[in-house]
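Undergrad: My structure file final.cif, mmCIF, C-alpha atoms and all ligand atoms, is below:
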```
data_entry
loop_
_atom_site.label_atom_id
_atom_site.label_comp_id
_atom_site.auth_asym_id
_atom_site.auth_seq_id
_atom_site.Cartn_x
_atom_site.Cartn_y
_atom_site.Cartn_z
CA MET A 228 3.49 16.37 -22.14
CA VAL A 229 6.42 14.63 -20.46
CA VAL A 230 6.38 14.93 -16.65
CA SER A 231 9.71 15.92 -15.05
CA LEU A 232 10.12 13.70 -12.02
CA CYS A 233 12.25 13.65 -8.87
CA ILE A 234 12.46 10.49 -6.75
CA VAL A 235 13.18 11.20 -3.08
CA GLY A 236 14.86 8.16 -1.49
CA ALA A 237 15.62 6.62 -4.91
CA PRO A 238 18.42 4.23 -3.76
CA GLY A 239 16.15 2.63 -1.12
CA LEU A 240 14.32 -0.69 -1.44
CA ILE A 241 11.14 0.66 -3.03
CA GLY A 242 12.85 3.76 -4.47
CA GLN A 243 14.81 1.52 -6.85
CA ARG A 244 11.60 -0.10 -8.05
CA HIS A 245 9.98 3.29 -8.67
CA THR A 246 13.16 4.40 -10.46
CA GLN A 247 13.12 1.43 -12.85
CA HIS A 248 9.46 2.03 -13.71
CA ALA A 249 10.10 5.76 -14.20
CA LEU A 250 12.98 5.00 -16.59
CA ASP A 251 10.74 2.63 -18.56
CA GLU A 252 7.87 5.14 -18.90
CA PRO A 253 8.03 7.38 -22.02
CA ASN A 254 5.80 10.10 -20.50
CA VAL A 255 8.16 10.54 -17.54
CA ASN A 256 11.59 12.18 -17.48
CA LEU A 257 13.58 11.44 -14.32
CA THR A 258 15.52 14.70 -13.87
CA CYS A 259 16.94 14.21 -10.38
CA ILE A 260 16.96 12.16 -7.19
CA VAL A 261 17.28 13.16 -3.53
CA ASP A 262 19.22 11.09 -1.01
CA PRO A 263 21.37 12.08 1.98
CA THR A 264 23.39 8.86 2.27
CA PRO A 265 26.57 7.51 0.60
CA ALA A 266 24.28 5.40 -1.61
CA GLY A 267 23.20 8.60 -3.43
CA PRO A 268 26.24 9.59 -5.55
CA PRO A 269 26.94 6.20 -7.23
CA TYR A 270 23.22 5.67 -7.87
CA ALA A 271 22.76 9.14 -9.44
CA GLU A 272 25.88 8.60 -11.53
CA LYS A 273 24.60 5.24 -12.77
CA LEU A 274 21.27 6.85 -13.71
CA GLY A 275 22.92 9.93 -15.22
CA VAL A 276 20.68 12.32 -13.26
CA LYS A 277 21.29 15.18 -10.79
CA LEU A 278 21.61 14.33 -7.10
CA TYR A 279 20.52 16.54 -4.19
CA ARG A 280 21.35 15.70 -0.59
CA SER A 281 18.07 17.02 0.78
CA THR A 282 14.60 18.03 -0.41
CA GLU A 283 15.42 21.64 0.54
CA GLU A 284 18.53 21.54 -1.71
CA MET A 285 16.44 20.20 -4.60
CA LEU A 286 13.75 22.88 -4.09
CA ALA A 287 16.41 25.64 -4.04
CA ALA A 288 17.93 24.32 -7.29
CA ARG A 289 14.47 24.16 -8.86
CA ALA A 290 13.69 27.73 -7.76
CA ALA A 291 17.01 28.83 -9.32
CA GLY A 292 15.96 27.18 -12.61
CA GLU A 293 18.74 24.55 -12.42
CA VAL A 294 16.41 21.54 -12.57
CA LYS A 295 12.84 20.94 -13.74
CA VAL A 296 10.57 19.08 -11.32
CA ASP A 297 6.78 18.86 -11.91
CA ALA A 298 6.21 15.84 -9.71
CA ALA A 299 7.94 13.76 -7.06
CA ILE A 300 7.77 10.25 -5.66
CA LEU A 301 8.38 10.24 -1.91
CA ALA A 302 9.95 6.83 -1.16
CA THR A 303 11.50 7.65 2.21
CA PRO A 304 11.01 6.18 5.72
CA ASN A 305 7.46 6.42 7.09
CA ALA A 306 8.13 9.19 9.64
CA THR A 307 9.39 11.54 6.90
CA HIS A 308 6.28 11.39 4.66
CA VAL A 309 4.47 14.27 6.36
CA PRO A 310 7.35 16.78 6.80
CA LEU A 311 8.80 16.15 3.31
CA GLY A 312 5.35 15.88 1.70
CA ILE A 313 4.42 19.31 3.12
CA LYS A 314 7.58 20.87 1.63
CA LEU A 315 6.91 19.33 -1.78
CA VAL A 316 3.22 20.30 -2.11
CA GLN A 317 3.90 23.79 -0.71
CA ALA A 318 6.36 24.19 -3.59
CA GLY A 319 3.57 23.16 -6.03
CA ILE A 320 5.06 19.73 -6.77
CA HIS A 321 2.52 16.93 -7.32
CA THR A 322 3.56 14.10 -5.01
CA LEU A 323 3.12 10.34 -4.94
CA VAL A 324 3.51 9.66 -1.21
CA GLU A 325 4.48 6.07 -0.43
CA LYS A 326 2.28 4.27 2.09
CA PRO A 327 1.63 4.74 4.94
CA PHE A 328 0.40 8.29 4.24
CA SER A 329 1.46 9.33 7.75
CA THR A 330 2.29 7.65 11.04
CA ASP A 331 -0.72 9.14 12.90
CA VAL A 332 -3.97 10.92 12.08
CA ASN A 333 -3.01 14.36 13.45
CA SER A 334 0.20 14.76 11.47
CA GLY A 335 -1.55 13.37 8.40
CA LYS A 336 -4.14 16.17 8.69
CA ALA A 337 -1.30 18.72 8.43
CA LEU A 338 -0.25 17.21 5.09
CA LEU A 339 -3.87 17.29 3.87
CA GLU A 340 -4.07 20.98 4.84
CA ALA A 341 -0.88 21.73 2.92
CA GLU A 342 -2.32 19.95 -0.12
CA ALA A 343 -5.60 21.89 0.16
CA ALA A 344 -3.65 25.18 0.16
CA SER A 345 -1.68 24.20 -2.96
CA TRP A 346 -2.66 23.34 -6.52
CA ALA A 347 -0.41 20.28 -6.27
CA LYS A 348 -2.15 16.92 -5.83
CA ILE A 349 -1.24 13.92 -3.71
CA LEU A 350 -1.58 10.30 -4.80
CA VAL A 351 -0.84 7.73 -2.08
CA GLY A 352 1.19 4.69 -3.15
CA HIS A 353 -1.30 1.98 -2.24
CA HIS A 354 -0.31 0.30 -5.49
CA ARG A 355 -2.36 -2.84 -4.83
CA ARG A 356 -5.36 -0.86 -6.05
CA PHE A 357 -3.70 -1.39 -9.48
CA ASN A 358 -2.92 -5.09 -8.93
CA PRO A 359 -4.75 -7.26 -11.53
CA TYR A 360 -5.92 -9.79 -8.91
CA ILE A 361 -7.38 -6.98 -6.79
CA ALA A 362 -8.89 -5.35 -9.91
CA ASN A 363 -10.60 -8.65 -10.82
CA THR A 364 -11.78 -9.22 -7.24
CA LYS A 365 -13.28 -5.73 -7.19
CA LYS A 366 -14.99 -6.38 -10.52
CA LEU A 367 -16.56 -9.61 -9.19
CA LEU A 368 -17.78 -7.77 -6.07
CA ASP A 369 -19.04 -4.74 -8.02
CA ASP A 370 -20.84 -7.05 -10.49
CA ASN A 371 -22.53 -8.71 -7.48
CA LYS A 372 -21.23 -12.18 -8.44
CA LEU A 373 -21.00 -13.22 -4.76
CA GLY A 374 -24.39 -11.87 -3.64
CA ARG A 375 -24.33 -10.07 -0.31
CA ILE A 376 -20.85 -10.18 1.24
CA LEU A 377 -20.99 -11.53 4.79
CA ALA A 378 -17.39 -12.11 5.84
CA VAL A 379 -13.72 -12.00 4.88
CA GLN A 380 -10.73 -13.84 6.27
CA GLY A 381 -7.13 -12.93 5.47
CA THR A 382 -3.50 -13.64 6.28
CA TRP A 383 -0.28 -11.73 5.67
CA ALA A 384 2.53 -13.84 7.12
CA CYS A 385 6.15 -14.06 6.03
CA LEU A 386 9.65 -14.22 7.50
CA LYS A 387 11.74 -11.05 7.26
CA PRO A 388 15.50 -11.50 7.81
CA MET A 389 17.26 -9.72 10.72
CA SER A 390 19.19 -7.64 8.14
CA TYR A 391 15.90 -5.98 7.14
CA PHE A 392 15.91 -4.16 10.50
CA ALA A 393 19.66 -3.39 10.64
CA ALA A 394 21.40 -0.07 9.87
CA PRO A 395 20.85 1.95 7.73
CA THR A 396 17.18 0.81 7.75
CA GLU A 397 16.71 0.53 11.53
CA TRP A 398 13.68 2.86 11.19
CA ARG A 399 11.78 -0.34 10.32
CA LYS A 400 11.87 -1.46 13.98
CA GLU A 401 10.85 1.89 15.53
CA LYS A 402 7.61 1.65 17.50
CA GLY A 403 4.78 3.77 16.13
CA THR A 404 6.45 4.45 12.76
CA GLY A 405 7.91 1.09 11.63
CA GLY A 406 7.02 -2.56 12.26
CA VAL A 407 4.56 -4.88 10.56
CA LEU A 408 1.57 -2.66 11.44
CA MET A 409 2.78 0.46 9.64
CA ILE A 410 4.79 -1.25 6.89
CA ASN A 411 2.58 -4.21 5.94
CA LEU A 412 -0.79 -4.14 7.68
CA SER A 413 -1.19 -0.64 6.14
CA HIS A 414 -1.37 -2.38 2.70
CA GLU A 415 -3.85 -4.95 3.96
CA ILE A 416 -6.18 -2.43 5.61
CA ASP A 417 -6.17 -0.30 2.47
CA CYS A 418 -6.97 -3.38 0.36
CA LEU A 419 -9.82 -4.42 2.65
CA ARG A 420 -11.24 -0.87 2.69
CA TYR A 421 -10.93 -0.67 -1.12
CA LEU A 422 -12.92 -3.90 -1.51
CA PHE A 423 -15.41 -3.75 1.39
CA GLY A 424 -15.60 -0.10 2.51
CA ASP A 425 -14.69 1.52 5.80
CA ILE A 426 -13.91 -0.39 8.98
CA THR A 427 -15.75 0.80 12.08
CA ARG A 428 -14.45 -1.41 14.93
CA VAL A 429 -11.33 -3.49 15.55
CA TYR A 430 -9.93 -5.76 18.23
CA CYS A 431 -6.37 -7.06 18.20
CA GLU A 432 -4.56 -9.84 20.11
CA VAL A 433 -0.78 -9.72 19.85
CA GLY A 434 1.48 -12.79 19.51
CA ALA A 435 4.95 -13.56 20.86
CA SER A 436 8.03 -11.44 20.17
CA THR A 437 10.85 -13.46 18.60
CA ARG A 438 13.30 -10.62 17.87
CA GLY A 439 12.90 -8.58 21.05
CA TYR A 440 12.42 -5.32 19.10
CA PRO A 441 9.98 -2.63 20.32
CA VAL A 442 7.60 -3.29 17.39
CA ASP A 443 4.96 -6.02 17.29
CA GLU A 444 5.55 -8.99 14.99
CA THR A 445 2.45 -11.16 15.01
CA GLY A 446 -1.20 -10.55 15.74
CA ALA A 447 -4.82 -11.40 15.06
CA VAL A 448 -7.39 -8.68 14.35
CA THR A 449 -11.15 -8.85 14.15
CA LEU A 450 -12.81 -6.27 11.95
CA ARG A 451 -16.31 -4.87 11.64
CA PHE A 452 -17.12 -2.94 8.46
CA ALA A 453 -19.75 -0.19 8.08
CA SER A 454 -21.45 -2.43 5.47
CA GLY A 455 -22.03 -5.16 8.09
CA VAL A 456 -19.23 -7.39 6.71
CA VAL A 457 -17.16 -9.00 9.49
CA GLY A 458 -13.57 -10.15 9.15
CA THR A 459 -10.55 -11.70 10.78
CA PHE A 460 -6.96 -11.02 9.78
CA LEU A 461 -3.69 -12.69 10.85
CA PHE A 462 -0.46 -10.76 10.39
CA SER A 463 3.14 -11.75 11.08
CA ASP A 464 6.56 -10.78 9.77
CA ALA A 465 8.26 -13.54 11.79
CA SER A 466 6.61 -16.69 10.32
CA ALA A 467 8.10 -19.04 7.73
CA SER A 468 5.05 -19.01 5.48
CA PRO A 469 3.89 -18.69 1.86
CA TYR A 470 0.64 -17.02 3.01
CA PHE A 471 1.34 -13.40 2.07
CA PHE A 472 0.08 -11.25 -0.77
CA GLU A 473 3.41 -10.86 -2.57
CA ALA A 474 4.09 -14.64 -2.66
CA ALA A 475 0.44 -15.34 -3.47
CA THR A 476 0.30 -13.03 -6.49
CA GLY A 477 3.97 -12.97 -7.55
CA GLU A 478 3.75 -9.18 -7.92
CA ASN A 479 7.13 -8.48 -6.24
CA PRO A 480 10.01 -9.68 -8.44
CA LEU A 481 12.15 -10.24 -5.29
CA MET A 482 9.73 -12.81 -3.81
CA PRO A 483 9.06 -16.22 -5.40
CA GLN A 484 5.42 -16.91 -6.25
CA ALA A 485 3.71 -19.63 -4.20
CA GLY A 486 0.09 -19.01 -5.20
CA GLU A 487 -1.43 -20.04 -1.86
CA THR A 488 -4.78 -18.63 -0.71
CA VAL A 489 -4.42 -15.46 1.40
CA TYR A 490 -8.00 -14.15 1.44
CA THR A 491 -11.32 -15.99 1.57
CA ILE A 492 -14.44 -13.96 0.84
CA LEU A 493 -17.85 -15.32 1.78
CA GLY A 494 -21.04 -14.21 0.04
CA THR A 495 -24.66 -15.38 0.09
CA GLN A 496 -24.48 -16.65 -3.53
CA SER A 497 -20.82 -17.61 -3.87
CA SER A 498 -17.44 -17.61 -2.18
CA LEU A 499 -14.05 -16.63 -3.50
CA ALA A 500 -10.48 -17.68 -2.77
CA PHE A 501 -7.74 -15.13 -3.51
CA PRO A 502 -5.59 -15.20 -5.64
CA SER A 503 -6.96 -18.22 -7.56
CA LEU A 504 -10.16 -16.16 -7.97
CA GLU A 505 -12.21 -19.29 -8.51
CA VAL A 506 -15.80 -18.55 -7.55
CA TRP A 507 -17.55 -21.41 -5.75
CA HIS A 508 -21.31 -21.48 -6.37
CA TYR A 509 -24.28 -23.83 -6.62
CA PRO A 510 -25.68 -24.75 -10.05
CA SER A 511 -29.06 -23.23 -9.16
CA PRO A 512 -30.22 -20.43 -6.82
CA SER A 513 -31.99 -23.03 -4.61
CA GLY A 514 -28.72 -24.95 -3.98
CA SER A 515 -27.51 -25.50 -0.42
CA TRP A 516 -24.94 -27.46 1.63
CA THR A 517 -25.80 -30.98 0.43
CA ASP A 518 -25.50 -29.97 -3.26
CA PRO A 519 -22.19 -30.12 -5.13
CA LEU A 520 -20.51 -26.74 -5.55
CA LEU A 521 -19.21 -25.64 -8.95
CA ARG A 522 -16.07 -23.58 -9.57
CA SER A 523 -16.18 -20.90 -12.26
CA ASP A 524 -13.05 -19.95 -14.20
CA PRO A 525 -11.18 -16.83 -13.12
CA LEU A 526 -11.31 -13.66 -15.24
CA PRO A 527 -8.25 -13.06 -17.47
CA LEU A 528 -5.44 -11.12 -15.76
CA ASP A 529 -3.95 -7.88 -17.04
CA PRO A 530 -0.18 -8.60 -17.27
CA THR A 531 0.88 -4.91 -16.85
CA PRO A 532 2.75 -4.48 -13.53
CA PRO A 533 0.77 -2.52 -10.89
CA PHE A 534 3.63 -0.01 -10.49
CA THR A 535 3.39 0.78 -14.22
CA HIS A 536 -0.36 1.35 -13.93
CA GLN A 537 0.17 3.46 -10.80
CA LEU A 538 2.82 5.65 -12.48
CA ARG A 539 0.64 6.16 -15.58
CA HIS A 540 -2.25 7.08 -13.30
CA PHE A 541 0.04 9.53 -11.46
CA VAL A 542 0.87 11.18 -14.83
CA ASP A 543 -2.88 11.46 -15.50
CA VAL A 544 -3.37 13.06 -12.04
CA VAL A 545 -0.48 15.51 -12.67
CA GLU A 546 -1.95 16.47 -16.04
CA GLY A 547 -5.47 16.88 -14.61
CA ARG A 548 -7.02 13.93 -16.47
CA ALA A 549 -7.79 11.87 -13.33
CA GLU A 550 -8.50 12.23 -9.66
CA PRO A 551 -6.16 10.21 -7.41
CA ARG A 552 -7.35 6.60 -7.06
CA CYS A 553 -6.05 6.78 -3.49
CA SER A 554 -6.23 10.35 -2.19
CA GLY A 555 -4.55 11.56 1.00
CA ARG A 556 -7.96 11.80 2.64
CA ASP A 557 -8.76 8.18 1.75
CA ALA A 558 -5.34 6.95 2.93
CA LEU A 559 -5.73 8.85 6.21
CA GLN A 560 -8.79 6.69 7.01
CA THR A 561 -6.44 3.69 6.78
CA ILE A 562 -4.16 5.45 9.30
CA ALA A 563 -7.17 5.99 11.60
CA THR A 564 -7.87 2.23 11.37
CA LEU A 565 -4.24 1.36 12.17
CA GLU A 566 -4.32 3.81 15.08
CA ALA A 567 -7.40 2.00 16.43
CA ILE A 568 -5.60 -1.37 16.09
CA ALA A 569 -2.59 0.06 17.99
CA ARG A 570 -4.93 1.35 20.71
CA SER A 571 -6.64 -2.05 20.95
CA ILE A 572 -3.21 -3.65 21.47
CA GLU A 573 -2.46 -1.15 24.28
CA THR A 574 -5.82 -1.45 26.02
CA GLY A 575 -6.74 -5.08 25.32
CA LEU A 576 -10.19 -3.84 24.27
CA PRO A 577 -12.21 -3.46 21.06
CA VAL A 578 -11.80 0.09 19.67
CA GLU A 579 -14.17 2.14 17.51
CA VAL A 580 -12.33 3.57 14.49
CA GLN A 581 -12.38 7.36 14.22
CA GLN A 582 -14.33 8.23 11.04
CA LEU A 583 -12.73 11.27 9.38
N1 LIG B 1 4.41 0.17 -2.03
C1 LIG B 1 5.14 -0.84 -1.56
O1 LIG B 1 4.94 -2.00 -1.88
C2 LIG B 1 6.26 -0.54 -0.61
C3 LIG B 1 7.27 -1.49 -0.42
C4 LIG B 1 8.33 -1.17 0.44
C5 LIG B 1 8.34 0.04 1.11
N2 LIG B 1 7.30 0.92 0.93
C6 LIG B 1 7.31 2.20 1.64
O2 LIG B 1 8.30 3.00 1.01
C7 LIG B 1 9.00 3.78 1.99
C8 LIG B 1 10.48 3.44 1.93
O3 LIG B 1 10.66 2.11 2.33
P1 LIG B 1 12.00 1.33 1.97
O4 LIG B 1 11.85 -0.02 2.52
O5 LIG B 1 12.32 1.52 0.52
O6 LIG B 1 13.03 2.16 2.87
P2 LIG B 1 14.61 2.28 2.73
O7 LIG B 1 15.10 2.66 4.08
O8 LIG B 1 15.15 1.07 2.03
O9 LIG B 1 14.80 3.50 1.74
C9 LIG B 1 14.53 4.83 2.12
C10 LIG B 1 15.38 5.77 1.27
O10 LIG B 1 15.09 7.10 1.69
C11 LIG B 1 16.32 7.78 1.95
N3 LIG B 1 16.06 8.82 2.95
C12 LIG B 1 15.97 8.68 4.29
N4 LIG B 1 15.69 9.88 4.86
C13 LIG B 1 15.63 10.78 3.84
C14 LIG B 1 15.40 12.18 3.79
N5 LIG B 1 15.14 12.88 4.88
N6 LIG B 1 15.42 12.78 2.57
C15 LIG B 1 15.65 12.07 1.44
N7 LIG B 1 15.89 10.75 1.43
C16 LIG B 1 15.87 10.11 2.62
C17 LIG B 1 17.27 6.70 2.42
O11 LIG B 1 18.62 7.09 2.27
C18 LIG B 1 16.88 5.55 1.46
O12 LIG B 1 17.53 5.68 0.22
C19 LIG B 1 8.35 3.44 3.33
O13 LIG B 1 7.39 4.41 3.61
C20 LIG B 1 7.71 2.09 3.09
O14 LIG B 1 6.58 1.90 3.92
C21 LIG B 1 6.30 0.66 0.07
#
```
Do you think you could lay out the structure here as structure tokens?
Ligand SMILES: NC(=O)c1ccc[n+]([C@@H]2O[C@H](COP(=O)([O-])OP(=O)(O)OC[C@H]3O[C@@H](n4cnc5c(N)ncnc54)[C@H](O)[C@@H]3O)[C@@H](O)[C@H]2O)c1

TA:
Amino acid sequence: MVVSLCIVGAPGLIGQRHTQHALDEPNVNLTCIVDPTPAGPPYAEKLGVKLYRSTEEMLAARAAGEVKVDAAILATPNATHVPLGIKLVQAGIHTLVEKPFSTDVNSGKALLEAEAASWAKILVGHHRRFNPYIANTKKLLDDNKLGRILAVQGTWACLKPMSYFAAPTEWRKEKGTGGVLMINLSHEIDCLRYLFGDITRVYCEVGASTRGYPVDETGAVTLRFASGVVGTFLFSDASASPYFFEAATGENPLMPQAGETVYTILGTQSSLAFPSLEVWHYPSPSGSWTDPLLRSDPLPLDPTPPFTHQLRHFVDVVEGRAEPRCSGRDALQTIATLEAIARSIETGLPVEVQQL
């Protein structure tokens, strides 16, 4: 079966990427897009698909039999995910909700309730779960190649231009809904939870503001995981640095690959640098600090782009062949973790993460 798809926010930064992958995918038919801005008409014309100015307009056209929509990708600003997501799932449309799932736990619960009352399913766009470097890291951890995991250290630091925060995308500097926490640390927390399980306690120190916007730019978080793993994470969207996931892995075609280490994972038998994925270990189980360490070769990488894998998985979810790799419930635990980090920034204290 070919899935009839609508992309809401298609002319936006990530909407265009979803659109290209949808056009390339034989099991998907892009029937329409939704966008309220002047960018909508020329983009719809270029694609040769119907344009609706709002989700309500698209739903009315669908109800009138004017357009077929089985599934939607919601690629709109963070604060719109819950209200638009509720409308889509209430209409029985399976929805890939871009990350972050919501901007707070309470509103996110309302979207989960709407999903539970519908037969439509939600997949959350934490596409790094389909990234080949993350897939190989998870395989090494699941195969116990590192022994017991003790600690993880990570960095996501890049320099965003001022234009990134300017109209019409000024939502990116709104406190509580935009900023590096909701836009970027949301990816990192999901990745860490995917690899090491849930986070139970956080503490965050915030760095200097260079732009003077209401949102934070730079910070350092300590993390305690339910498994006993401990971690530290540096984040910054105001640093001239190659130490961020996209530059490390080359997964975003807009960002040149640098290949520098962005995560270090420490285990009792071996340690791992990401994304080189070389595993450092001793030649024998009795080895220790005065022995030379060996480096094992990384596993081969799957060259298929993560967005292609994610879209194919979404088709499988729509057609009932798979459960969402990142469900709304799972993604909401990431929001609870981000909420705890925000509270730690406000209070200057460690904060226990609400477990949903
Ligand atoms: N998975 C990823 O790697 C990734 C990367 C970037 C952004 N994102 C997420 O994707 C979402 C969009 O981010 P972006 O940077 O592309 O934003 P953007 O502002 O560039 O694009 C948003 C699009 O949504 C449209 N829009 C706004 N309000 C709308 C509404 N009410 N109804 C329909 N369309 C509406 C805008 O006109 C625009 O076309 C955010 O939630 C962001 O966190 C994910």

Undergrad: Restricting the calculation to all atoms listed in the file, which member of A:Arg570, A:Arg375, A:His354, A:Lys295 is positioned closest to ligand LIG 1 (chain B)?

TA: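 For ligand LIG 1 (chain B), the nearest of the given residues is A:His354.
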
Undergrad: Can you tell me how far atom CA of A:Pro395 sits from atom CA of A:Tyr279, in Å to one decimal?

TA: 18.8 Å

Undergrad: For atom CA of A:Pro502 and atom CA of A:Thr449, quote the distance in Å rounded to one decimal.

TA: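 Interatomic distance here is 21.5 Å.
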
Undergrad: Choose the residue, out of A:Lys314, A:Arg451, A:Arg522, A:Lys336, that has the smallest atom-to-atom separation from ligand LIG 1 (chain B); count all atoms listed in the file.

TA: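 Ranked by minimum distance to ligand LIG 1 (chain B), first place goes to A:Lys314.
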
Undergrad: Which is closer to A:Ala249 than all the others in A:Arg539, A:Leu408, A:Thr427, A:Tyr440, using all atoms listed in the file?

TA: A:Arg539

Undergrad: Between A:Leu274, A:Leu338, A:Val407, A:Val578, which residue has the minimum interatomic distance to ligand LIG 1 (chain B), considering all atoms listed in the file?

TA: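 Going through A:Leu274, A:Leu338, A:Val407, A:Val578 one by one, the smallest distance to ligand LIG 1 (chain B) is for A:Val407.
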
Undergrad: Excluding same-chain residues fewer than 6 positions from A:Phe462, what lies within 7 Å of it counting all atoms listed in the file, as a list in words?

TA: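 What passes the distance filter is Thr382, Trp383, Ala384, Thr445, Gly446 and Ala447 of chain A.
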
Undergrad: Which is closer to ligand LIG 1 (chain B) than all the others in A:Val457, A:Leu538, A:Ile492, A:Leu528, using all atoms listed in the file?

TA: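 Closest to ligand LIG 1 (chain B), using all atoms listed in the file: A:Leu538.
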
Undergrad: Neighbouring residues of stretch 414-424 of chain A were defined as those with any atom within 10 Å, considering only C-alpha atoms; residues of the same chain fewer than 6 positions away were excluded. Please report them as a ChimeraX atom specification.

TA: /A:326-327,352-356,361-362,364-366,368-369,376,378-379,381-383,408,450,452-458,460,462,472,490,553,557-562,564-565

Undergrad: Expressed in Å to a single decimal, how great is the separation between atom CA of A:Pro310 and atom CA of A:Ala549?

TA: 25.7 Å

Undergrad: May I ask which of the residues A:Met409, A:Ala299, A:Val255, A:Ala347 is the closest one to ligand LIG 1 (chain B), counting all atoms listed in the file?

TA: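 Of the candidates, the smallest distance to ligand LIG 1 (chain B) is held by A:Met409.
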
Undergrad: Fewer than 3 positions away in the same chain doesn't count, so skip those; otherwise give me all residues within 10 Å of A:Glu573, counting only C-alpha atoms, as a list in words.

TA: Cys431, Glu432, Val433, Ala567, Ile568, Ala569, Arg570 and Leu576 of chain A

Undergrad: Name all residues at most 8 Å from A:Asn254 (count all atoms listed in the file; drop same-chain ones fewer than 2 positions away) and give them as number ranges by chain.

TA: A: 228-230, 252, 256, 542

Undergrad: Generate a file of the selected residues that holds C-alpha atoms, formatted as a PDB file, keeping the file's coordinate frame.

TA:
```pdb
ATOM      1  CA  MET A 228       3.490  16.370 -22.140  1.00  0.00           C
ATOM      2  CA  VAL A 229       6.420  14.630 -20.460  1.00  0.00           C
ATOM      3  CA  VAL A 230       6.380  14.930 -16.650  1.00  0.00           C
ATOM      4  CA  GLU A 252       7.870   5.140 -18.900  1.00  0.00           C
ATOM      5  CA  ASN A 256      11.590  12.180 -17.480  1.00  0.00           C
ATOM      6  CA  VAL A 542       0.870  11.180 -14.830  1.00  0.00           C
TER       7      VAL A 542
END
```

Undergrad: List the neighbours of A:His536 out to 9 Å using only C-alpha atoms; skip same-chain residues closer than 5 positions along the sequence, and give me the result as a PyMOL selection string.

TA: chain A and resi 354+357-358+531+541

Undergrad: With 5 Å on each side, where is the centre of the axis-aligned box around all listed atoms of ligand LIG 1 (chain B), and how long are its edges in Å to one decimal, as AutoDock Vina command-line options?

TA:
```
--center_x 11.5 --center_y 5.4 --center_z 1.4 --size_x 24.2 --size_y 24.9 --size_z 16.9
```

Undergrad: Would you fill the gaps in stretch 414-418 of chain A so it has all heavy atoms, then print it as a compact mmCIF listing (two decimals), in the coordinates of the input?

TA:
```txt
# COMPACT_ATOMS: atom_id res chain seq x y z
N HIS A 414 -0.92 -1.89 4.03
CA HIS A 414 -1.37 -2.38 2.70
C HIS A 414 -2.68 -3.15 2.84
O HIS A 414 -3.60 -2.99 2.04
CB HIS A 414 -0.36 -3.37 2.15
CG HIS A 414 0.77 -2.76 1.37
ND1 HIS A 414 0.59 -1.90 0.33
CD2 HIS A 414 2.11 -2.94 1.46
CE1 HIS A 414 1.76 -1.56 -0.18
NE2 HIS A 414 2.70 -2.17 0.50
N GLU A 415 -2.70 -4.04 3.83
CA GLU A 415 -3.85 -4.95 3.96
C GLU A 415 -5.13 -4.17 4.30
O GLU A 415 -6.19 -4.44 3.75
CB GLU A 415 -3.59 -6.01 5.04
CG GLU A 415 -2.37 -6.86 4.79
CD GLU A 415 -2.47 -7.70 3.51
OE1 GLU A 415 -3.60 -7.97 3.06
OE2 GLU A 415 -1.42 -8.07 2.98
N ILE A 416 -5.00 -3.21 5.22
CA ILE A 416 -6.18 -2.43 5.61
C ILE A 416 -6.68 -1.61 4.42
O ILE A 416 -7.88 -1.52 4.17
CB ILE A 416 -5.85 -1.52 6.83
CG1 ILE A 416 -5.51 -2.37 8.06
CG2 ILE A 416 -7.01 -0.56 7.13
CD1 ILE A 416 -6.63 -3.22 8.62
N ASP A 417 -5.73 -1.05 3.65
CA ASP A 417 -6.17 -0.30 2.47
C ASP A 417 -6.90 -1.21 1.49
O ASP A 417 -7.96 -0.84 0.95
CB ASP A 417 -5.00 0.36 1.75
CG ASP A 417 -5.49 1.11 0.51
OD1 ASP A 417 -6.13 2.16 0.69
OD2 ASP A 417 -5.32 0.60 -0.61
N CYS A 418 -6.35 -2.42 1.28
CA CYS A 418 -6.97 -3.38 0.36
C CYS A 418 -8.39 -3.74 0.81
O CYS A 418 -9.33 -3.75 0.02
CB CYS A 418 -6.14 -4.64 0.43
SG CYS A 418 -5.50 -5.20 -1.08
```
